[in-house]
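Here's start-v7.cif, which has mmCIF, N, CA and C atoms:
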data_query
#
loop_
_atom_site.label_atom_id
_atom_site.label_comp_id
_atom_site.auth_asym_id
_atom_site.auth_seq_id
_atom_site.Cartn_x
_atom_site.Cartn_y
_atom_site.Cartn_z
N MET A 1 17.33 185.45 -89.33
CA MET A 1 16.58 185.81 -88.13
C MET A 1 16.38 184.63 -87.19
N SER A 2 16.79 183.42 -87.54
CA SER A 2 16.46 182.25 -86.75
C SER A 2 17.07 182.26 -85.34
N ASP A 3 18.15 183.02 -85.12
CA ASP A 3 18.71 183.08 -83.78
C ASP A 3 18.20 184.27 -82.98
N SER A 4 17.28 185.02 -83.55
CA SER A 4 16.70 186.18 -82.88
C SER A 4 15.45 185.77 -82.11
N VAL A 5 15.16 186.52 -81.05
CA VAL A 5 13.96 186.30 -80.26
C VAL A 5 13.18 187.60 -80.21
N ALA A 6 11.88 187.51 -80.47
CA ALA A 6 11.01 188.68 -80.41
C ALA A 6 10.01 188.49 -79.27
N PHE A 7 9.82 189.50 -78.45
CA PHE A 7 8.80 189.50 -77.41
C PHE A 7 7.65 190.35 -77.92
N VAL A 8 6.50 189.72 -78.16
CA VAL A 8 5.36 190.40 -78.75
C VAL A 8 4.23 190.48 -77.73
N THR A 9 3.85 191.69 -77.36
CA THR A 9 2.72 191.87 -76.45
C THR A 9 1.44 192.02 -77.25
N GLY A 10 0.32 191.75 -76.61
CA GLY A 10 -0.96 191.84 -77.30
C GLY A 10 -1.11 190.79 -78.38
N ALA A 11 -0.47 189.64 -78.19
CA ALA A 11 -0.40 188.64 -79.25
C ALA A 11 -1.65 187.78 -79.38
N SER A 12 -2.68 188.03 -78.57
CA SER A 12 -3.88 187.20 -78.67
C SER A 12 -4.82 187.67 -79.78
N SER A 13 -4.61 188.87 -80.30
CA SER A 13 -5.50 189.35 -81.36
C SER A 13 -4.88 190.53 -82.10
N GLY A 14 -5.52 190.90 -83.18
CA GLY A 14 -5.15 192.11 -83.91
C GLY A 14 -3.72 192.17 -84.39
N ILE A 15 -3.13 193.34 -84.26
CA ILE A 15 -1.78 193.60 -84.75
C ILE A 15 -0.77 192.69 -84.06
N GLY A 16 -0.86 192.55 -82.74
CA GLY A 16 0.09 191.72 -82.01
C GLY A 16 0.07 190.28 -82.49
N ARG A 17 -1.12 189.74 -82.71
CA ARG A 17 -1.24 188.37 -83.20
C ARG A 17 -0.64 188.24 -84.59
N ALA A 18 -0.94 189.20 -85.45
CA ALA A 18 -0.41 189.17 -86.81
C ALA A 18 1.12 189.25 -86.80
N ILE A 19 1.66 190.09 -85.93
CA ILE A 19 3.12 190.21 -85.84
C ILE A 19 3.73 188.90 -85.36
N ALA A 20 3.15 188.31 -84.30
CA ALA A 20 3.68 187.05 -83.77
C ALA A 20 3.65 185.96 -84.83
N ARG A 21 2.56 185.86 -85.58
CA ARG A 21 2.45 184.83 -86.62
C ARG A 21 3.48 185.05 -87.72
N ARG A 22 3.63 186.28 -88.13
CA ARG A 22 4.57 186.58 -89.22
C ARG A 22 6.01 186.30 -88.80
N LEU A 23 6.39 186.76 -87.61
CA LEU A 23 7.76 186.57 -87.16
C LEU A 23 8.08 185.08 -86.99
N ALA A 24 7.12 184.32 -86.46
CA ALA A 24 7.31 182.87 -86.31
C ALA A 24 7.43 182.21 -87.68
N ALA A 25 6.60 182.64 -88.62
CA ALA A 25 6.67 182.09 -89.98
C ALA A 25 8.00 182.41 -90.65
N ASP A 26 8.58 183.55 -90.30
CA ASP A 26 9.88 183.95 -90.84
C ASP A 26 11.04 183.26 -90.13
N GLY A 27 10.75 182.39 -89.16
CA GLY A 27 11.79 181.63 -88.49
C GLY A 27 12.30 182.22 -87.20
N MET A 28 11.72 183.30 -86.75
CA MET A 28 12.16 183.93 -85.50
C MET A 28 11.51 183.22 -84.32
N ARG A 29 12.24 183.11 -83.22
CA ARG A 29 11.65 182.60 -81.99
C ARG A 29 10.81 183.71 -81.39
N VAL A 30 9.56 183.39 -81.06
CA VAL A 30 8.61 184.41 -80.60
C VAL A 30 8.14 184.08 -79.19
N VAL A 31 8.24 185.06 -78.31
CA VAL A 31 7.63 184.97 -76.99
C VAL A 31 6.40 185.86 -77.07
N ALA A 32 5.23 185.22 -77.02
CA ALA A 32 3.97 185.93 -77.17
C ALA A 32 3.35 186.16 -75.80
N ALA A 33 2.87 187.36 -75.55
CA ALA A 33 2.23 187.68 -74.27
C ALA A 33 0.90 188.38 -74.54
N ALA A 34 -0.08 188.08 -73.71
CA ALA A 34 -1.39 188.72 -73.81
C ALA A 34 -2.20 188.36 -72.58
N ARG A 35 -3.32 189.05 -72.40
CA ARG A 35 -4.18 188.78 -71.26
C ARG A 35 -5.02 187.53 -71.48
N ARG A 36 -5.40 187.25 -72.71
CA ARG A 36 -6.29 186.12 -72.99
C ARG A 36 -5.47 184.87 -73.29
N VAL A 37 -5.22 184.10 -72.24
CA VAL A 37 -4.35 182.94 -72.33
C VAL A 37 -4.92 181.90 -73.30
N ASP A 38 -6.24 181.74 -73.33
CA ASP A 38 -6.83 180.75 -74.24
C ASP A 38 -6.49 181.05 -75.70
N ARG A 39 -6.45 182.33 -76.06
CA ARG A 39 -6.08 182.69 -77.42
C ARG A 39 -4.59 182.50 -77.68
N LEU A 40 -3.78 182.66 -76.64
CA LEU A 40 -2.35 182.39 -76.80
C LEU A 40 -2.11 180.91 -77.06
N HIS A 41 -2.86 180.06 -76.36
CA HIS A 41 -2.71 178.63 -76.59
C HIS A 41 -3.14 178.27 -78.01
N GLU A 42 -4.19 178.90 -78.50
CA GLU A 42 -4.64 178.68 -79.87
C GLU A 42 -3.55 179.11 -80.86
N LEU A 43 -2.94 180.24 -80.62
CA LEU A 43 -1.85 180.73 -81.46
C LEU A 43 -0.68 179.75 -81.43
N ALA A 44 -0.39 179.23 -80.25
CA ALA A 44 0.72 178.28 -80.11
C ALA A 44 0.48 177.03 -80.93
N GLU A 45 -0.73 176.53 -80.92
CA GLU A 45 -1.05 175.33 -81.70
C GLU A 45 -0.92 175.59 -83.20
N GLN A 46 -1.29 176.77 -83.62
CA GLN A 46 -1.22 177.11 -85.04
C GLN A 46 0.22 177.28 -85.51
N ARG A 47 1.08 177.85 -84.68
CA ARG A 47 2.43 178.19 -85.12
C ARG A 47 3.52 177.28 -84.59
N GLY A 48 3.19 176.40 -83.67
CA GLY A 48 4.22 175.54 -83.11
C GLY A 48 5.13 176.23 -82.12
N GLU A 49 4.73 177.40 -81.63
CA GLU A 49 5.55 178.14 -80.65
C GLU A 49 5.08 177.84 -79.23
N ARG A 50 4.90 176.59 -78.92
CA ARG A 50 4.32 176.20 -77.63
C ARG A 50 5.14 176.68 -76.45
N ALA A 51 6.41 176.38 -76.43
CA ALA A 51 7.24 176.73 -75.26
C ALA A 51 7.33 178.23 -75.07
N ALA A 52 7.47 178.95 -76.16
CA ALA A 52 7.59 180.41 -76.06
C ALA A 52 6.30 181.03 -75.53
N VAL A 53 5.17 180.55 -76.01
CA VAL A 53 3.90 181.08 -75.54
C VAL A 53 3.71 180.73 -74.07
N TYR A 54 4.07 179.52 -73.70
CA TYR A 54 3.95 179.12 -72.30
C TYR A 54 4.79 180.03 -71.41
N CYS A 55 6.02 180.28 -71.79
CA CYS A 55 6.87 181.16 -71.01
C CYS A 55 6.28 182.57 -70.96
N GLY A 56 5.75 183.02 -72.08
CA GLY A 56 5.14 184.35 -72.12
C GLY A 56 3.95 184.46 -71.18
N THR A 57 3.14 183.41 -71.12
CA THR A 57 1.98 183.46 -70.23
C THR A 57 2.42 183.40 -68.77
N LYS A 58 3.47 182.64 -68.48
CA LYS A 58 3.99 182.59 -67.11
C LYS A 58 4.52 183.96 -66.69
N TYR A 59 5.22 184.62 -67.58
CA TYR A 59 5.74 185.95 -67.25
C TYR A 59 4.58 186.93 -67.06
N ALA A 60 3.59 186.83 -67.92
CA ALA A 60 2.43 187.72 -67.79
C ALA A 60 1.73 187.50 -66.45
N ALA A 61 1.59 186.24 -66.04
CA ALA A 61 0.97 185.96 -64.74
C ALA A 61 1.79 186.56 -63.62
N TRP A 62 3.11 186.46 -63.70
CA TRP A 62 3.97 187.05 -62.68
C TRP A 62 3.78 188.57 -62.65
N ALA A 63 3.78 189.20 -63.82
CA ALA A 63 3.66 190.65 -63.89
C ALA A 63 2.32 191.12 -63.33
N ILE A 64 1.26 190.41 -63.63
CA ILE A 64 -0.06 190.77 -63.11
C ILE A 64 -0.08 190.62 -61.59
N THR A 65 0.49 189.53 -61.09
CA THR A 65 0.53 189.32 -59.64
C THR A 65 1.36 190.39 -58.95
N GLU A 66 2.50 190.75 -59.54
CA GLU A 66 3.33 191.80 -58.96
C GLU A 66 2.58 193.13 -58.94
N GLY A 67 1.84 193.43 -60.00
CA GLY A 67 1.02 194.64 -60.01
C GLY A 67 -0.04 194.61 -58.92
N LEU A 68 -0.66 193.46 -58.74
CA LEU A 68 -1.65 193.31 -57.69
C LEU A 68 -1.02 193.53 -56.32
N ARG A 69 0.17 192.98 -56.11
CA ARG A 69 0.87 193.16 -54.83
C ARG A 69 1.13 194.64 -54.57
N LEU A 70 1.61 195.34 -55.60
CA LEU A 70 1.95 196.76 -55.44
C LEU A 70 0.72 197.63 -55.20
N GLU A 71 -0.41 197.24 -55.77
CA GLU A 71 -1.62 198.06 -55.67
C GLU A 71 -2.52 197.67 -54.50
N SER A 72 -2.23 196.56 -53.86
CA SER A 72 -3.08 196.11 -52.73
C SER A 72 -2.83 196.98 -51.51
N PRO A 73 -3.86 197.15 -50.68
CA PRO A 73 -3.67 197.92 -49.44
C PRO A 73 -2.76 197.16 -48.48
N PRO A 74 -2.11 197.89 -47.57
CA PRO A 74 -1.28 197.22 -46.57
C PRO A 74 -2.09 196.15 -45.82
N GLY A 75 -1.44 195.06 -45.52
CA GLY A 75 -2.12 193.97 -44.82
C GLY A 75 -2.59 192.86 -45.74
N ILE A 76 -2.64 193.13 -47.03
CA ILE A 76 -3.01 192.10 -48.00
C ILE A 76 -1.73 191.46 -48.52
N ARG A 77 -1.60 190.16 -48.36
CA ARG A 77 -0.41 189.45 -48.82
C ARG A 77 -0.67 188.86 -50.20
N VAL A 78 0.28 189.02 -51.09
CA VAL A 78 0.19 188.47 -52.45
C VAL A 78 1.49 187.74 -52.73
N THR A 79 1.38 186.48 -53.10
CA THR A 79 2.56 185.66 -53.36
C THR A 79 2.47 185.06 -54.76
N THR A 80 3.56 185.12 -55.49
CA THR A 80 3.67 184.43 -56.77
C THR A 80 4.44 183.14 -56.54
N ILE A 81 3.83 182.03 -56.90
CA ILE A 81 4.51 180.74 -56.86
C ILE A 81 4.82 180.37 -58.31
N SER A 82 6.10 180.25 -58.62
CA SER A 82 6.53 179.93 -59.98
C SER A 82 7.09 178.52 -60.00
N PRO A 83 6.28 177.56 -60.43
CA PRO A 83 6.76 176.18 -60.45
C PRO A 83 7.58 175.89 -61.70
N GLY A 84 8.56 175.04 -61.51
CA GLY A 84 9.30 174.51 -62.64
C GLY A 84 8.51 173.35 -63.23
N VAL A 85 9.21 172.36 -63.74
CA VAL A 85 8.55 171.21 -64.35
C VAL A 85 7.96 170.33 -63.25
N VAL A 86 6.64 170.16 -63.31
CA VAL A 86 5.90 169.39 -62.31
C VAL A 86 5.18 168.24 -63.01
N ARG A 87 5.14 167.09 -62.35
CA ARG A 87 4.42 165.94 -62.92
C ARG A 87 2.96 166.31 -63.14
N SER A 88 2.46 166.03 -64.34
CA SER A 88 1.06 166.27 -64.66
C SER A 88 0.70 165.43 -65.89
N GLU A 89 -0.53 165.52 -66.29
CA GLU A 89 -1.00 164.78 -67.46
C GLU A 89 -0.75 165.54 -68.77
N LEU A 90 -0.06 166.66 -68.71
CA LEU A 90 0.12 167.50 -69.90
C LEU A 90 0.68 166.74 -71.09
N ALA A 91 1.72 165.96 -70.90
CA ALA A 91 2.35 165.25 -72.02
C ALA A 91 1.36 164.34 -72.74
N GLU A 92 0.46 163.73 -71.99
CA GLU A 92 -0.51 162.81 -72.60
C GLU A 92 -1.58 163.53 -73.41
N THR A 93 -1.73 164.84 -73.23
CA THR A 93 -2.78 165.58 -73.94
C THR A 93 -2.29 166.21 -75.23
N ILE A 94 -1.01 166.10 -75.54
CA ILE A 94 -0.45 166.73 -76.74
C ILE A 94 -0.64 165.80 -77.93
N SER A 95 -1.26 166.31 -78.98
CA SER A 95 -1.55 165.47 -80.15
C SER A 95 -0.39 165.38 -81.14
N ASP A 96 0.45 166.39 -81.20
CA ASP A 96 1.59 166.37 -82.12
C ASP A 96 2.64 165.39 -81.59
N PRO A 97 2.99 164.34 -82.34
CA PRO A 97 3.91 163.31 -81.83
C PRO A 97 5.29 163.86 -81.44
N HIS A 98 5.83 164.77 -82.22
CA HIS A 98 7.14 165.34 -81.90
C HIS A 98 7.07 166.16 -80.61
N ALA A 99 6.08 167.02 -80.51
CA ALA A 99 5.93 167.84 -79.32
C ALA A 99 5.67 166.98 -78.09
N ARG A 100 4.91 165.91 -78.28
CA ARG A 100 4.63 165.00 -77.15
C ARG A 100 5.92 164.34 -76.67
N ALA A 101 6.76 163.90 -77.59
CA ALA A 101 8.04 163.27 -77.22
C ALA A 101 8.94 164.25 -76.48
N VAL A 102 8.99 165.49 -76.96
CA VAL A 102 9.80 166.52 -76.31
C VAL A 102 9.29 166.77 -74.89
N MET A 103 7.98 166.88 -74.75
CA MET A 103 7.39 167.13 -73.43
C MET A 103 7.62 165.95 -72.49
N THR A 104 7.50 164.74 -73.00
CA THR A 104 7.74 163.55 -72.18
C THR A 104 9.17 163.55 -71.66
N GLU A 105 10.13 163.86 -72.52
CA GLU A 105 11.53 163.92 -72.11
C GLU A 105 11.75 165.04 -71.10
N CYS A 106 11.14 166.18 -71.33
CA CYS A 106 11.27 167.34 -70.43
C CYS A 106 10.77 166.99 -69.03
N ARG A 107 9.72 166.20 -68.96
CA ARG A 107 9.09 165.86 -67.68
C ARG A 107 9.74 164.66 -67.00
N ARG A 108 10.80 164.12 -67.57
CA ARG A 108 11.47 162.96 -66.99
C ARG A 108 11.95 163.22 -65.57
N ASN A 109 12.39 164.43 -65.28
CA ASN A 109 12.89 164.79 -63.95
C ASN A 109 11.94 165.72 -63.19
N ALA A 110 10.67 165.67 -63.53
CA ALA A 110 9.68 166.55 -62.91
C ALA A 110 9.52 166.26 -61.42
N ILE A 111 9.13 167.30 -60.69
CA ILE A 111 8.87 167.14 -59.26
C ILE A 111 7.39 166.88 -59.03
N ALA A 112 7.07 166.41 -57.85
CA ALA A 112 5.69 166.10 -57.48
C ALA A 112 4.89 167.38 -57.25
N PRO A 113 3.60 167.36 -57.55
CA PRO A 113 2.74 168.51 -57.25
C PRO A 113 2.78 168.91 -55.78
N GLU A 114 3.00 167.95 -54.90
CA GLU A 114 3.06 168.24 -53.47
C GLU A 114 4.19 169.21 -53.11
N SER A 115 5.22 169.26 -53.95
CA SER A 115 6.30 170.22 -53.71
C SER A 115 5.79 171.65 -53.84
N ILE A 116 4.87 171.87 -54.75
CA ILE A 116 4.27 173.19 -54.93
C ILE A 116 3.30 173.47 -53.79
N VAL A 117 2.56 172.44 -53.39
CA VAL A 117 1.64 172.58 -52.25
C VAL A 117 2.43 173.01 -51.01
N ASP A 118 3.60 172.40 -50.79
CA ASP A 118 4.43 172.77 -49.65
C ASP A 118 4.85 174.25 -49.71
N ALA A 119 5.16 174.72 -50.92
CA ALA A 119 5.55 176.13 -51.08
C ALA A 119 4.39 177.06 -50.74
N VAL A 120 3.19 176.71 -51.20
CA VAL A 120 2.00 177.51 -50.88
C VAL A 120 1.77 177.51 -49.36
N ALA A 121 1.86 176.34 -48.75
CA ALA A 121 1.66 176.24 -47.30
C ALA A 121 2.70 177.08 -46.56
N TYR A 122 3.94 177.07 -47.05
CA TYR A 122 4.99 177.88 -46.42
C TYR A 122 4.61 179.37 -46.46
N ALA A 123 4.20 179.84 -47.63
CA ALA A 123 3.84 181.26 -47.77
C ALA A 123 2.67 181.62 -46.87
N LEU A 124 1.66 180.76 -46.85
CA LEU A 124 0.47 181.03 -46.04
C LEU A 124 0.73 180.89 -44.54
N GLY A 125 1.74 180.10 -44.17
CA GLY A 125 2.02 179.85 -42.77
C GLY A 125 2.86 180.90 -42.08
N GLN A 126 3.22 181.94 -42.78
CA GLN A 126 4.05 182.99 -42.19
C GLN A 126 3.23 183.87 -41.24
N ALA A 127 3.93 184.54 -40.36
CA ALA A 127 3.28 185.47 -39.44
C ALA A 127 2.52 186.53 -40.25
N PRO A 128 1.45 187.08 -39.70
CA PRO A 128 0.63 188.05 -40.43
C PRO A 128 1.40 189.27 -40.96
N ASP A 129 2.53 189.59 -40.34
CA ASP A 129 3.29 190.77 -40.79
C ASP A 129 4.38 190.40 -41.81
N VAL A 130 4.38 189.16 -42.28
CA VAL A 130 5.39 188.71 -43.26
C VAL A 130 4.70 188.42 -44.58
N ASP A 131 5.23 188.99 -45.65
CA ASP A 131 4.70 188.75 -47.00
C ASP A 131 5.79 188.10 -47.84
N ILE A 132 5.57 186.89 -48.27
CA ILE A 132 6.49 186.21 -49.18
C ILE A 132 6.08 186.63 -50.59
N SER A 133 6.88 187.43 -51.25
CA SER A 133 6.52 187.97 -52.55
C SER A 133 6.58 186.93 -53.66
N GLU A 134 7.62 186.09 -53.63
CA GLU A 134 7.80 185.16 -54.74
C GLU A 134 8.55 183.92 -54.29
N ILE A 135 8.11 182.77 -54.78
CA ILE A 135 8.80 181.51 -54.55
C ILE A 135 8.95 180.81 -55.89
N VAL A 136 10.17 180.42 -56.22
CA VAL A 136 10.43 179.63 -57.42
C VAL A 136 10.80 178.23 -56.96
N VAL A 137 10.07 177.24 -57.45
CA VAL A 137 10.31 175.85 -57.07
C VAL A 137 10.51 175.05 -58.36
N ARG A 138 11.70 174.46 -58.49
CA ARG A 138 11.98 173.68 -59.70
C ARG A 138 12.79 172.45 -59.37
N PRO A 139 12.75 171.46 -60.25
CA PRO A 139 13.58 170.27 -60.04
C PRO A 139 15.05 170.63 -60.06
N VAL A 140 15.84 169.89 -59.30
CA VAL A 140 17.29 170.12 -59.25
C VAL A 140 17.90 170.04 -60.64
N ARG A 141 17.41 169.15 -61.48
CA ARG A 141 18.00 168.95 -62.81
C ARG A 141 17.48 169.94 -63.86
N GLN A 142 16.53 170.78 -63.52
CA GLN A 142 16.02 171.75 -64.50
C GLN A 142 16.89 172.97 -64.57
N ARG A 143 17.23 173.38 -65.77
CA ARG A 143 18.01 174.60 -65.98
C ARG A 143 17.29 175.50 -66.91
#

Write-out of the structure in C-alpha cells:
Amino acid sequence: MSDSVAFVTGASSGIGRAIARRLAADGMRVVAAARRVDRLHELAEQRGERAAVYCGTKYAAWAITEGLRLESPPGIRVTTISPGVVRSELAETISDPHARAVMTECRRNAIAPESIVDAVAYALGQAPDVDISEIVVRPVRQR
C-alpha cells in the first residue's frame, strides 16, 4: 500500500481520524481533510503526515472559499489566493530534525511575502464589476 494515496475527510475526530491514523500506520500516504485545522495539525504531528495534512487543509480552504463565492449574493467578490512556498519562520518552528531539514530545503527558493500582498492588491484593485475568483502564486522553481 505504500504507493497508494488515501483522501480522508472528517479526519480531525472520530471515524475519519481513526481511519487516517490506521492508513498512515499501514504505510499509505494520507491526505487528511477536516474543518478543525488545529486538530489536523495535531494529527500530523502524531503520524508524521505533515505535508499531506497541509495540502488537505489548503484544499479544504479553497473548497470553503469556492462555496462562499457560489452562495454569496451578486456584488460580493470572493477571491482565493493560493500561495506556493513563501519565506516565513515555519522551518525554525519545527522540532523534528529531519522534518526541519526537509522544510529548510523546500524553502530555499521561496518567494517573498510581498508577492502575495501584490496578488491581494491586484484582486482588490479591480473594477467593482470584476471578480477575480482565484490566484495561484508560486516560485518559478516550485513544481

- prompt: Any idea what the distance is between CA of Gly16 in chain A and CA of Leu40 in chain A?
  reply: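 Value for the CA of Gly16 in chain A-CA of Leu40 in chain A distance: 11.0 Å.
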
- prompt: What gap, in Å, lies between atom C of Asn109 in chain A and CA of Pro139 in chain A?
  reply: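 Between atom C of Asn109 in chain A and CA of Pro139 in chain A the gap is 5.8 Å.
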
message: With DSSP run on the backbone, what are the strand (DSSP E) residues within chain A? I'd like them as a list of chain:residue names.
response: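 Reading the DSSP output for chain A, strand (DSSP E) covers A:Val5, A:Ala6, A:Phe7, A:Val8, A:Thr9, A:Arg29, A:Val30, A:Val31, A:Ala32, A:Ala33, A:Thr80, A:Ile81, A:Ser82, A:Pro83, A:Glu134, A:Ile135, A:Val136, A:Val137.
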
Explicit residue set for the PyMOL selection byres (((chain A and resi 66 and name CA) around 12) and name CA), as a list in words: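 Applying the expression gives Tyr59, Ala60, Ala61, Trp62, Ala63, Ile64, Thr65, Gly67, Leu68, Arg69, Leu70, Glu71, Ser72, Arg77, Val78, Thr79, Thr80, Ile81, Ile132, Ser133 and Glu134 of chain A.
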
Give the centre and edge lengths of an axis-aligned box, in Å to one decimal, that holds all listed atoms of range 15-24 of chain A with 5 Å on each side, as JSON.
{"center_x": 2.5, "center_y": 187.9, "center_z": -85.6, "size_x": 21.2, "size_y": 21.4, "size_z": 17.2}

task: Would you list the residues near (7.7, 165.6, -66.6), meaning any protein, DNA or RNA residue with an atom at most 6 Å from that point in file coordinates, counting only N, CA and C atoms, as a VMD selection string?
output: chain A and resid 85 to 88 103 to 104 106 to 110

Keeping only N, CA and C atoms, write those residues as an mmCIF file, keeping the file's coordinate frame.
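After the write, part.cif holds the following:
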data_model
loop_
_atom_site.group_PDB
_atom_site.id
_atom_site.type_symbol
_atom_site.label_atom_id
_atom_site.label_comp_id
_atom_site.auth_asym_id
_atom_site.auth_seq_id
_atom_site.Cartn_x
_atom_site.Cartn_y
_atom_site.Cartn_z
ATOM 1 N N VAL A 85 9.210 172.360 -63.740
ATOM 2 C CA VAL A 85 8.550 171.210 -64.350
ATOM 3 C C VAL A 85 7.960 170.330 -63.250
ATOM 4 N N VAL A 86 6.640 170.160 -63.310
ATOM 5 C CA VAL A 86 5.900 169.390 -62.310
ATOM 6 C C VAL A 86 5.180 168.240 -63.010
ATOM 7 N N ARG A 87 5.140 167.090 -62.350
ATOM 8 C CA ARG A 87 4.420 165.940 -62.920
ATOM 9 C C ARG A 87 2.960 166.310 -63.140
ATOM 10 N N SER A 88 2.460 166.030 -64.340
ATOM 11 C CA SER A 88 1.060 166.270 -64.660
ATOM 12 C C SER A 88 0.700 165.430 -65.890
ATOM 13 N N MET A 103 7.980 166.880 -74.750
ATOM 14 C CA MET A 103 7.390 167.130 -73.430
ATOM 15 C C MET A 103 7.620 165.950 -72.490
ATOM 16 N N THR A 104 7.500 164.740 -73.000
ATOM 17 C CA THR A 104 7.740 163.550 -72.180
ATOM 18 C C THR A 104 9.170 163.550 -71.660
ATOM 19 N N CYS A 106 11.140 166.180 -71.330
ATOM 20 C CA CYS A 106 11.270 167.340 -70.430
ATOM 21 C C CYS A 106 10.770 166.990 -69.030
ATOM 22 N N ARG A 107 9.720 166.200 -68.960
ATOM 23 C CA ARG A 107 9.090 165.860 -67.680
ATOM 24 C C ARG A 107 9.740 164.660 -67.000
ATOM 25 N N ARG A 108 10.800 164.120 -67.570
ATOM 26 C CA ARG A 108 11.470 162.960 -66.990
ATOM 27 C C ARG A 108 11.950 163.220 -65.570
ATOM 28 N N ASN A 109 12.390 164.430 -65.280
ATOM 29 C CA ASN A 109 12.890 164.790 -63.950
ATOM 30 C C ASN A 109 11.940 165.720 -63.190
ATOM 31 N N ALA A 110 10.670 165.670 -63.530
ATOM 32 C CA ALA A 110 9.680 166.550 -62.910
ATOM 33 C C ALA A 110 9.520 166.260 -61.420
#

query: Can you tell me how far CA of Ala44 in chain A sits from CA of Val5 in chain A, in Å to one decimal?
result: 15.5 Å

Enumerate the residues of range 73-109 of chain A with a DSSP assignment of helix (DSSP H, G or I), computed from the backbone, and present them as an mmCIF file with N, CA and C atoms, keeping the file's coordinate frame.
data_model
loop_
_atom_site.group_PDB
_atom_site.id
_atom_site.type_symbol
_atom_site.label_atom_id
_atom_site.label_comp_id
_atom_site.auth_asym_id
_atom_site.auth_seq_id
_atom_site.Cartn_x
_atom_site.Cartn_y
_atom_site.Cartn_z
ATOM 1 N N LEU A 90 -0.060 166.660 -68.710
ATOM 2 C CA LEU A 90 0.120 167.500 -69.900
ATOM 3 C C LEU A 90 0.680 166.740 -71.090
ATOM 4 N N ALA A 91 1.720 165.960 -70.900
ATOM 5 C CA ALA A 91 2.350 165.250 -72.020
ATOM 6 C C ALA A 91 1.360 164.340 -72.740
ATOM 7 N N GLU A 92 0.460 163.730 -71.990
ATOM 8 C CA GLU A 92 -0.510 162.810 -72.600
ATOM 9 C C GLU A 92 -1.580 163.530 -73.410
ATOM 10 N N THR A 93 -1.730 164.840 -73.230
ATOM 11 C CA THR A 93 -2.780 165.580 -73.940
ATOM 12 C C THR A 93 -2.290 166.210 -75.230
ATOM 13 N N PRO A 97 2.990 164.340 -82.340
ATOM 14 C CA PRO A 97 3.910 163.310 -81.830
ATOM 15 C C PRO A 97 5.290 163.860 -81.440
ATOM 16 N N HIS A 98 5.830 164.770 -82.220
ATOM 17 C CA HIS A 98 7.140 165.340 -81.900
ATOM 18 C C HIS A 98 7.070 166.160 -80.610
ATOM 19 N N ALA A 99 6.080 167.020 -80.510
ATOM 20 C CA ALA A 99 5.930 167.840 -79.320
ATOM 21 C C ALA A 99 5.670 166.980 -78.090
ATOM 22 N N ARG A 100 4.910 165.910 -78.280
ATOM 23 C CA ARG A 100 4.630 165.000 -77.150
ATOM 24 C C ARG A 100 5.920 164.340 -76.670
ATOM 25 N N ALA A 101 6.760 163.900 -77.590
ATOM 26 C CA ALA A 101 8.040 163.270 -77.220
ATOM 27 C C ALA A 101 8.940 164.250 -76.480
ATOM 28 N N VAL A 102 8.990 165.490 -76.960
ATOM 29 C CA VAL A 102 9.800 166.520 -76.310
ATOM 30 C C VAL A 102 9.290 166.770 -74.890
ATOM 31 N N MET A 103 7.980 166.880 -74.750
ATOM 32 C CA MET A 103 7.390 167.130 -73.430
ATOM 33 C C MET A 103 7.620 165.950 -72.490
ATOM 34 N N THR A 104 7.500 164.740 -73.000
ATOM 35 C CA THR A 104 7.740 163.550 -72.180
ATOM 36 C C THR A 104 9.170 163.550 -71.660
ATOM 37 N N GLU A 105 10.130 163.860 -72.520
ATOM 38 C CA GLU A 105 11.530 163.920 -72.110
ATOM 39 C C GLU A 105 11.750 165.040 -71.100
ATOM 40 N N CYS A 106 11.140 166.180 -71.330
ATOM 41 C CA CYS A 106 11.270 167.340 -70.430
ATOM 42 C C CYS A 106 10.770 166.990 -69.030
ATOM 43 N N ARG A 107 9.720 166.200 -68.960
ATOM 44 C CA ARG A 107 9.090 165.860 -67.680
ATOM 45 C C ARG A 107 9.740 164.660 -67.000
ATOM 46 N N ARG A 108 10.800 164.120 -67.570
ATOM 47 C CA ARG A 108 11.470 162.960 -66.990
ATOM 48 C C ARG A 108 11.950 163.220 -65.570
ATOM 49 N N ASN A 109 12.390 164.430 -65.280
ATOM 50 C CA ASN A 109 12.890 164.790 -63.950
ATOM 51 C C ASN A 109 11.940 165.720 -63.190
#

- request: Please write the residues picked by the PyMOL selection byres (((chain A and resi 115 and name CA) around 12) and name CA) on this file as a list in words.
  value: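 Applying the expression gives Ile81, Ser82, Pro83, Gly84, Val85, Val86, Arg87, Ala110, Ile111, Ala112, Pro113, Glu114, Ile116, Val117, Asp118, Ala119, Val120, Ala121, Tyr122, Ile135, Val136, Val137, Arg138 and Pro139 of chain A.
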